[in-house]
Amino acid sequence: MHNKKINSRLSRKRRIRARVTGTAQRPRLTVHRSLTQIRAQIVDDASGKTLAFASSKEAKAKHTVDGAKAVGTLLASKAKAAGVSSVVFDRNAYKFHGRVKALADGAREGGLQF
């Protein structure tokens with residue numbers, strides 16, 4: 001059963017990534033959520049480079065909704081420093097609720113547009 005769960009998640013991820021790509025003008029904000037951390041990075045898929053990165057460990061935030069919001073705000077400030085103002089959101093096969101939604105809300109409050 002564990003294998004089916006992983007395969008289903010990877011299938012959802014492939015389906016989403018077929019539609020969502022980042023460009024130099026509008027890079028991709030991708031999210032990785034685990035049981036203990038949440039990480040997000042802004043990637044320019046055309047050049048294959050990471051423009052900004054933030055994690056709950058770096059933000060010294062707990063793995064809660066409030067912690068995810070803090071990570072989103074931190075990522076937005078790093079993105080502004082890198083000259084990024086508009087992104088494409090990639091939820092990475094996770095449902096858009098809870099910590100993933102809080103990270104997105106924090107990034108929007110920090111000034112990113114998506």
# chains A, B, ... in the order shown; residues from 1 in each chain; ligands from 1
$ select_by_dssp --residues "segment 19-109 of chain A" --states "strand (DSSP E)" --output "PyMOL selection string"
chain A and resi 28-33+38-44+49-55+88-90
$ closest_atom_pairs --of "segment 27-63 of chain A" --to "segment 91-109 of chain A" --cutoff "10 Å" --atoms "only C-alpha atoms" --output "CSV"
residue,atom,partner,partner_atom,distance
A:Leu29,CA,A:Arg91,CA,8.3
A:Thr30,CA,A:Arg91,CA,6.2
A:Val31,CA,A:Arg91,CA,5.7
A:His32,CA,A:Asn92,CA,7.0
A:Arg33,CA,A:Val100,CA,7.7
A:Ile38,CA,A:Arg99,CA,8.0
A:Arg39,CA,A:Leu103,CA,9.3
A:Ala40,CA,A:Leu103,CA,8.4
A:His63,CA,A:Arg99,CA,8.3
$ closest_residue --among "A:Thr50, A:Ile6, A:Ser85, A:Asp90" --to "Val20 of chain A" --atoms "only C-alpha atoms"
A:Asp90
$ select_by_dssp --residues "segment 6-83 of chain A" --states "helix (DSSP H, G or I)" --output "NGL selection string"
:A and (6-17 or 65-82)
$ write_last_selection --atoms "C-alpha atoms" --output "short mmCIF file (atom, residue, chain, number, x, y, z; two decimals), in the first residue's frame"
data_model
loop_
_atom_site.label_atom_id
_atom_site.label_comp_id
_atom_site.auth_asym_id
_atom_site.auth_seq_id
_atom_site.Cartn_x
_atom_site.Cartn_y
_atom_site.Cartn_z
CA ILE A 6 4.10 7.08 -3.48
CA ASN A 7 3.21 6.25 -7.08
CA SER A 8 -0.05 8.20 -6.85
CA ARG A 9 1.79 11.24 -5.50
CA LEU A 10 4.41 11.08 -8.24
CA SER A 11 1.68 10.74 -10.86
CA ARG A 12 -0.04 13.89 -9.54
CA LYS A 13 3.32 15.68 -9.52
CA ARG A 14 4.00 14.78 -13.18
CA ARG A 15 0.51 15.90 -14.18
CA ILE A 16 0.99 19.30 -12.51
CA ARG A 17 4.54 19.82 -13.82
CA VAL A 65 0.51 26.70 9.66
CA ASP A 66 2.07 29.77 11.30
CA GLY A 67 5.55 28.43 10.62
CA ALA A 68 4.70 27.86 6.96
CA LYS A 69 3.44 31.43 6.70
CA ALA A 70 6.75 32.67 8.11
CA VAL A 71 8.64 30.64 5.50
CA GLY A 72 6.50 32.22 2.75
CA THR A 73 7.25 35.71 4.02
CA LEU A 74 10.98 34.94 4.24
CA LEU A 75 10.97 33.56 0.70
CA ALA A 76 9.17 36.66 -0.60
CA SER A 77 11.80 38.96 0.92
CA LYS A 78 14.61 36.88 -0.62
CA ALA A 79 12.82 36.92 -3.97
CA LYS A 80 12.51 40.72 -3.85
CA ALA A 81 16.26 40.93 -3.19
CA ALA A 82 16.85 38.70 -6.25
#
$ closest_residue --among "A:Arg26, A:Lys62, A:Lys4, A:Arg19" --to "Asp44 of chain A" --atoms "only C-alpha atoms"
A:Arg26
$ closest_residue --among "A:Arg28, A:Ala61, A:Thr23, A:Leu35" --to "Ser47 of chain A" --atoms "only C-alpha atoms"
A:Thr23
$ atom_distance --atom1 "atom CA of Asn3 of chain A" --atom2 "atom CA of Phe89 of chain A"
27.2 Å
